[in-house]
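**Q** Below are the structure tokens for one structure; questions will follow.
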Amino acid sequence: VYVCSPLLSQGDRMWHFAVSVFLVELYGNSLLLTAVYGLVVAGSVLLLGALIGDWVDKNSRLKVAQTSLIVQNASVILCGIILMIIFLFKTQLLTLYHGWLLTMCYILVITIANIANLASTATAITIQRDWIVVVAGEDRSKLADMNATIRRIDQLTNILAPMAVGQIMTFGSPMIGCGFISGWNLMSMCVEYLLLWKVYQKTPTLALKSAKVEESELKQLNVTKESDMKPAEGVQLIVEKDVTGFEPQQEKDVGCAARIAEPFITFRDGWVAYYNQPVFLAGMGLAFLYMTVLGFDCITTGYAYTQGLSGSVLSLLMGASAVTGIMGTVAFTWLRRKCGLVRTGLISGVAQFACLILCVISVFMPGSPMDLTVSPFADISARLFENEPLPTIASPEPEMILATGMPNLLNGSTTPANSDPEMSPEPVPLISVSLLFAGVIAARVGLWSFDLTVTQLLQENVVESERGIINGVQNSMNYLLDLLHFIMVILAPNPEAFGLLVLISVSFVAMGHIMYFRFAQKTLGKQLFVCRTPDPKTAPDSSPPGNTSTV
């Protein structure tokens with residue numbers, strides 16, 4: 001699992017970064033295609049997250065892992081080939097059918113890339129939310145260590161993957177980058193396939209799955225052999241009778257209208273099941289943390305450029321954030337052993353919010369451009385529709401600026417992005433932006449510890465038959481709040497309004513942790529602030545096998 005995880009993460013991270021860069025290159029240094037791609041991806045996971053999770057639940061683990069792995073890598077390979085063709089013959093494609101053929105190629109690229117992202121979502125759900133739970137068994141400490149290790153690997157690949165692709169595209173060309181990513185995914189797909197097969201063979205419990213799959217397996221066993229145990233035989237015969245007697249009638253009754261309505265019913269049932277989960281408030285608390293501009297995405301880095309920070313400084317800050325993120329995974333395992341899982345989330349939330357107070361203070365410090373008298377819509381039409389080329393930035397950190405279409409909206413400073421802040425007539429004081437990034441970097445310790453806490457709560461408290469659909473809905477909630485934070489920036493894109501966005505972001509983080517506090521209070525009651533007994537020792541004995549619903 002540990003060997004397969006970096007391969008999965010590396011290919012996924014390289015593609016997510018590269019596809020944004022490729023779309024910018026194709027559309028003449030415009031961020032339009034990148035913005036469209038981001039909206040399509042977010043909207044697709046929002047609408048289809050429950051359906052993907054339901055598909056994960058209804059099929060065997062090996063089939064789900066193999067299918068999602070092949071679809072994801074094959075889509076990336078196909079998309080890379082199409083992009084190479086477009087880069088080679090873009091001039092000719094522009095002249096054919098008045099450019100409509102090229103437009104169709106753009107639509108095809110975004111569609112296939114979106115399919116790859118949906119398959120990646122299915123892979124993440126089945127491996128990180130289901131397989132490792134089964135591999136860990138009843139050992140919750142082992143499960144916590146596995147979650148933390150996989151998250152550390154993800155943090156490292158989050159930096160290394162964009163750096164690798166960025167260097168190849170800088171010293172080579174976008175077409176060479178397409179070829180490299182396609183080749184990497186082809187080779188890694190074969191290795192990942194073999195590794196997953198080995199894990200499946202070495203863990204017999206992965207072949208056992210509850211609910212519908214279990215019923216079909218019982219049916220096959222009853223056809224081939226009879227049991228001497230009368231109670232078991234009676235149960236099996238009832239199952240067999242139900243399956244064989246009612247399945248044909250069920251198939252006969254299913255009409256066209258029912259088949260059309262089935263995805264909508266699954267969507268509704270998934271969200272209802274998510275709402276009824278005992279960890280609903282914890283999951284909502286995690287989702288609310290996505291409604292923030294206080295992260296190392298294109299929005300915050302774009303704002304940093306308007307405040308005079310150089311690319312080299314930003315790359316160092318991004319490295320520091322990765323280090324604090326890894327520290328958060330270490331803190332999670334230590335706190336969980338000392339105080340228990342639920343209290344770890346509470347402590348992590350307090351630590352994150354305390355660090356974000358520095359970001360709130362930065363809004364009112366010297367150097368902060370916050371000025372609510374400046375209308376955010378004053379020059380938005382010029383920003384979006386003028387034909388001037390977009391400002392270029394230094395090459396060491398293209399992954400930070402080209403991830404989505406937001407930097408263009410934020411880069412409204414009169415100081416050019418590629419100039420030295422000291423050359424400007426009035427240097428911007430760095431007190432405000434320094435406090436901002438100090439808070440963001442320090443808060444990542446609590447953020448990743450909290451994220452791991454909620455992840456393990458979902459793993460332990462969601463029944464096996466609903467594990468896929470619940471995590472699918474959780475992904476949809478995360479994307480919904482992430483989409484809202486981009487809309488918030490579109491409505492207030494100028495640097496003068498960034499301080500307001502910071503205050504709104506901190507408010508949403510506070511609301512998320514209040515939801516988690518309510519969950520912790522309902523779960524532990526008066527024992528909430530008693531830091532002892534990390535895990536109930538009677539949990540494995542008091543619950544049936546496969547059911548770890550005790551917090």
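Convention: chains lettered A, B, ... in structure tokens order; per-chain residue numbering from 1; ligands numbered from 1 as shown.
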Find the residues near stretch 107-116 of chain A: any atom within 12 Å, counting only C-alpha atoms, skip ones fewer than 5 places away on the same chain, and give them as a VMD selection string.
**A** chain A and resid 11 to 12 15 to 20 22 to 23 26 33 to 45 48 52 67 to 86 100 to 102 121 to 123 185
**Q** Do you know which residues are at most 12 Å from stretch 252-267 of chain A counting only C-alpha atoms, after dropping those on the same chain fewer than 3 positions away, and could you put them as a list in words?
**A**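 With the cut-off at 12 Å, the set is Val45, Leu46, Leu47, Leu48, Gly49, Ala50, Leu51, Ile52, Gly53, Asp54, Trp55, Asp57, Lys58, Phe246, Glu247, Pro248, Gln249, Gly270, Trp271, Val272, Ala273, Tyr274, Glu466, Ile469, Ile470, Gly472, Val473 and Ser476 of chain A.
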**Q** Which residue, A:Leu194, A:Val64, A:Leu501, A:Val56, has the smallest gap to A:Thr300 when you use only C-alpha atoms?
**A**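 For A:Thr300, the nearest of the given residues is A:Leu501.
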**Q** Residues near A:Leu335, anyone? I mean within 9 Å using only C-alpha atoms, not counting same-chain ones fewer than 6 positions away, as a ChimeraX atom specification.
**A** /A:341,343-344,347,534
**Q** Quick one: everything within 12 Å of A:Pro204, counting only C-alpha atoms, minus sequence neighbours fewer than 3 positions away in the same chain. Send it as a list in words.
**A** Arg61, Leu62, Trp131, Val134, Val135, Gly137, Trp197, Lys198, Val199, Tyr200, Gln201, Ala207, Leu208 and Lys209 of chain A
**Q** Could you give me, as JSON lines, every stretch 434-456 of chain A residue with an atom at most 9 Å from stretch 359-369 of chain A, plus its closest atom pair and distance in Å to one decimal, counting only C-alpha atoms, rows ordered by chain then number?
**A**
```
{"residue": "A:Ser434", "atom": "CA", "partner": "A:Ser362", "partner_atom": "CA", "distance": 7.9}
{"residue": "A:Leu435", "atom": "CA", "partner": "A:Ser362", "partner_atom": "CA", "distance": 5.4}
{"residue": "A:Leu436", "atom": "CA", "partner": "A:Cys359", "partner_atom": "CA", "distance": 4.4}
{"residue": "A:Phe437", "atom": "CA", "partner": "A:Cys359", "partner_atom": "CA", "distance": 7.5}
{"residue": "A:Ala438", "atom": "CA", "partner": "A:Cys359", "partner_atom": "CA", "distance": 7.9}
{"residue": "A:Gly439", "atom": "CA", "partner": "A:Cys359", "partner_atom": "CA", "distance": 5.4}
{"residue": "A:Val440", "atom": "CA", "partner": "A:Cys359", "partner_atom": "CA", "distance": 7.2}
```
**Q** Now that the selection is made, can you save its residues with N, CA and C atoms as a short mmCIF file (atom, residue, chain, number, x, y, z; two decimals), in the first residue's frame?
**A**
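The result, written out as again-v2.cif:
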```
data_model
loop_
_atom_site.label_atom_id
_atom_site.label_comp_id
_atom_site.auth_asym_id
_atom_site.auth_seq_id
_atom_site.Cartn_x
_atom_site.Cartn_y
_atom_site.Cartn_z
N SER A 434 3.61 39.36 5.95
CA SER A 434 4.41 38.42 6.75
C SER A 434 3.56 37.74 7.81
N LEU A 435 2.73 38.53 8.50
CA LEU A 435 1.84 37.94 9.50
C LEU A 435 0.84 37.00 8.84
N LEU A 436 0.36 37.37 7.66
CA LEU A 436 -0.60 36.53 6.95
C LEU A 436 -0.02 35.15 6.68
N PHE A 437 1.17 35.10 6.09
CA PHE A 437 1.76 33.80 5.75
C PHE A 437 2.27 33.05 6.97
N ALA A 438 2.65 33.78 8.01
CA ALA A 438 3.03 33.10 9.25
C ALA A 438 1.83 32.35 9.83
N GLY A 439 0.66 33.00 9.79
CA GLY A 439 -0.54 32.34 10.28
C GLY A 439 -0.96 31.16 9.42
N VAL A 440 -0.88 31.33 8.09
CA VAL A 440 -1.27 30.25 7.17
C VAL A 440 -0.37 29.04 7.34
#
```
**Q** Restricting the calculation to only C-alpha atoms: of A:Gln92, A:Trp448, A:Phe288, A:Thr333, which residue gets closest to A:Lys142?
**A**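 Checking each candidate against A:Lys142, we get A:Thr333 as the closest.
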**Q** Report as a list in words all protein, DNA and RNA residues lying within 9 Å of A:Ile159, evaluated on only C-alpha atoms, omitting residues in the same chain fewer than 2 positions from it.
**A**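 Contacts, with the query itself left out: Arg13, Asp154, Gln155, Leu156, Thr157, Ala161, Pro162, Met163, Ala164, Met318, Gly319 and Ala322 of chain A.
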**Q** Considering only C-alpha atoms, return as a PyMOL selection string whatever protein or nucleic-acid residues lie within 7 Å of stretch 507-518 of chain A, sequence-local ones (same chain, fewer than 6 positions apart) excluded.
**A** chain A and resi 281-282+284-286+288-289+291+346+349+353
**Q** For the selection just defined, write its residues with all heavy atoms to a file, as a PDB file, in the first residue's frame.
**A**
```
ATOM      1  N   LEU A 281     -21.799  15.975  11.728  1.00  0.00           N
ATOM      2  CA  LEU A 281     -21.288  17.292  12.109  1.00  0.00           C
ATOM      3  C   LEU A 281     -19.774  17.375  11.931  1.00  0.00           C
ATOM      4  O   LEU A 281     -19.247  18.427  11.541  1.00  0.00           O
ATOM      5  CB  LEU A 281     -21.668  17.610  13.555  1.00  0.00           C
ATOM      6  CG  LEU A 281     -23.143  17.949  13.804  1.00  0.00           C
ATOM      7  CD1 LEU A 281     -23.409  18.116  15.291  1.00  0.00           C
ATOM      8  CD2 LEU A 281     -23.535  19.211  13.040  1.00  0.00           C
ATOM      9  N   ALA A 282     -19.067  16.277  12.188  1.00  0.00           N
ATOM     10  CA  ALA A 282     -17.617  16.273  11.982  1.00  0.00           C
ATOM     11  C   ALA A 282     -17.286  16.429  10.497  1.00  0.00           C
ATOM     12  O   ALA A 282     -16.381  17.179  10.125  1.00  0.00           O
ATOM     13  CB  ALA A 282     -17.008  14.983  12.533  1.00  0.00           C
ATOM     14  N   MET A 284     -19.197  17.840   8.187  1.00  0.00           N
ATOM     15  CA  MET A 284     -19.541  19.211   7.798  1.00  0.00           C
ATOM     16  C   MET A 284     -18.478  20.192   8.280  1.00  0.00           C
ATOM     17  O   MET A 284     -18.151  21.156   7.584  1.00  0.00           O
ATOM     18  CB  MET A 284     -20.912  19.593   8.377  1.00  0.00           C
ATOM     19  CG  MET A 284     -22.081  18.972   7.651  1.00  0.00           C
ATOM     20  SD  MET A 284     -22.267  19.597   5.968  1.00  0.00           S
ATOM     21  CE  MET A 284     -22.691  21.297   6.295  1.00  0.00           C
ATOM     22  N   GLY A 285     -17.950  19.943   9.474  1.00  0.00           N
ATOM     23  CA  GLY A 285     -16.887  20.810   9.977  1.00  0.00           C
ATOM     24  C   GLY A 285     -15.675  20.793   9.072  1.00  0.00           C
ATOM     25  O   GLY A 285     -15.070  21.843   8.801  1.00  0.00           O
ATOM     26  N   LEU A 286     -15.301  19.605   8.574  1.00  0.00           N
ATOM     27  CA  LEU A 286     -14.180  19.515   7.633  1.00  0.00           C
ATOM     28  C   LEU A 286     -14.496  20.233   6.332  1.00  0.00           C
ATOM     29  O   LEU A 286     -13.643  20.943   5.775  1.00  0.00           O
ATOM     30  CB  LEU A 286     -13.850  18.051   7.368  1.00  0.00           C
ATOM     31  CG  LEU A 286     -12.747  17.790   6.337  1.00  0.00           C
ATOM     32  CD1 LEU A 286     -11.417  18.355   6.817  1.00  0.00           C
ATOM     33  CD2 LEU A 286     -12.626  16.300   6.051  1.00  0.00           C
ATOM     34  N   PHE A 288     -16.381  22.790   5.804  1.00  0.00           N
ATOM     35  CA  PHE A 288     -16.367  24.246   5.959  1.00  0.00           C
ATOM     36  C   PHE A 288     -14.942  24.808   5.907  1.00  0.00           C
ATOM     37  O   PHE A 288     -14.766  25.992   5.614  1.00  0.00           O
ATOM     38  CB  PHE A 288     -17.040  24.633   7.286  1.00  0.00           C
ATOM     39  CG  PHE A 288     -18.494  24.971   7.140  1.00  0.00           C
ATOM     40  CD1 PHE A 288     -19.394  24.037   6.634  1.00  0.00           C
ATOM     41  CD2 PHE A 288     -18.963  26.209   7.487  1.00  0.00           C
ATOM     42  CE1 PHE A 288     -20.737  24.340   6.490  1.00  0.00           C
ATOM     43  CE2 PHE A 288     -20.304  26.537   7.339  1.00  0.00           C
ATOM     44  CZ  PHE A 288     -21.194  25.589   6.832  1.00  0.00           C
ATOM     45  N   LEU A 289     -13.947  23.982   6.166  1.00  0.00           N
ATOM     46  CA  LEU A 289     -12.564  24.457   6.080  1.00  0.00           C
ATOM     47  C   LEU A 289     -12.135  24.703   4.643  1.00  0.00           C
ATOM     48  O   LEU A 289     -11.100  25.335   4.407  1.00  0.00           O
ATOM     49  CB  LEU A 289     -11.615  23.447   6.732  1.00  0.00           C
ATOM     50  CG  LEU A 289     -11.876  23.100   8.196  1.00  0.00           C
ATOM     51  CD1 LEU A 289     -10.692  22.325   8.768  1.00  0.00           C
ATOM     52  CD2 LEU A 289     -12.139  24.341   9.033  1.00  0.00           C
ATOM     53  N   MET A 291     -13.865  26.485   2.558  1.00  0.00           N
ATOM     54  CA  MET A 291     -14.350  27.825   2.217  1.00  0.00           C
ATOM     55  C   MET A 291     -13.359  28.849   2.770  1.00  0.00           C
ATOM     56  O   MET A 291     -13.650  29.610   3.701  1.00  0.00           O
ATOM     57  CB  MET A 291     -15.750  28.021   2.810  1.00  0.00           C
ATOM     58  CG  MET A 291     -16.355  29.394   2.590  1.00  0.00           C
ATOM     59  SD  MET A 291     -16.716  29.758   0.878  1.00  0.00           S
ATOM     60  CE  MET A 291     -17.485  31.362   1.053  1.00  0.00           C
ATOM     61  N   LEU A 346     -10.513  18.079  18.419  1.00  0.00           N
ATOM     62  CA  LEU A 346     -10.815  19.307  19.155  1.00  0.00           C
ATOM     63  C   LEU A 346      -9.542  20.122  19.386  1.00  0.00           C
ATOM     64  O   LEU A 346      -9.521  21.348  19.160  1.00  0.00           O
ATOM     65  CB  LEU A 346     -11.466  18.943  20.491  1.00  0.00           C
ATOM     66  CG  LEU A 346     -12.121  20.081  21.263  1.00  0.00           C
ATOM     67  CD1 LEU A 346     -13.292  20.648  20.489  1.00  0.00           C
ATOM     68  CD2 LEU A 346     -12.573  19.582  22.632  1.00  0.00           C
ATOM     69  N   GLY A 349      -8.335  21.629  16.085  1.00  0.00           N
ATOM     70  CA  GLY A 349      -9.146  22.765  15.671  1.00  0.00           C
ATOM     71  C   GLY A 349      -8.778  24.032  16.433  1.00  0.00           C
ATOM     72  O   GLY A 349      -8.689  25.121  15.845  1.00  0.00           O
ATOM     73  N   PHE A 353      -7.249  27.428  14.659  1.00  0.00           N
ATOM     74  CA  PHE A 353      -7.918  28.725  14.795  1.00  0.00           C
ATOM     75  C   PHE A 353      -7.012  29.742  15.487  1.00  0.00           C
ATOM     76  O   PHE A 353      -6.991  30.922  15.119  1.00  0.00           O
ATOM     77  CB  PHE A 353      -9.219  28.560  15.565  1.00  0.00           C
ATOM     78  CG  PHE A 353     -10.035  29.808  15.636  1.00  0.00           C
ATOM     79  CD1 PHE A 353     -10.773  30.239  14.554  1.00  0.00           C
ATOM     80  CD2 PHE A 353     -10.062  30.575  16.800  1.00  0.00           C
ATOM     81  CE1 PHE A 353     -11.520  31.409  14.618  1.00  0.00           C
ATOM     82  CE2 PHE A 353     -10.803  31.742  16.874  1.00  0.00           C
ATOM     83  CZ  PHE A 353     -11.534  32.154  15.777  1.00  0.00           C
TER      84      PHE A 353
END
```
**Q** Between atom CA of A:Glu25 and atom CA of A:Asn478, what is the distance in Å, rounded to a tenth?
**A** 29.1 Å
**Q** Counting only C-alpha atoms, figure out which residue out of A:Pro429, A:Gly499, A:Pro174, A:Gly328 gets nearest to A:Thr149.
**A** A:Gly328
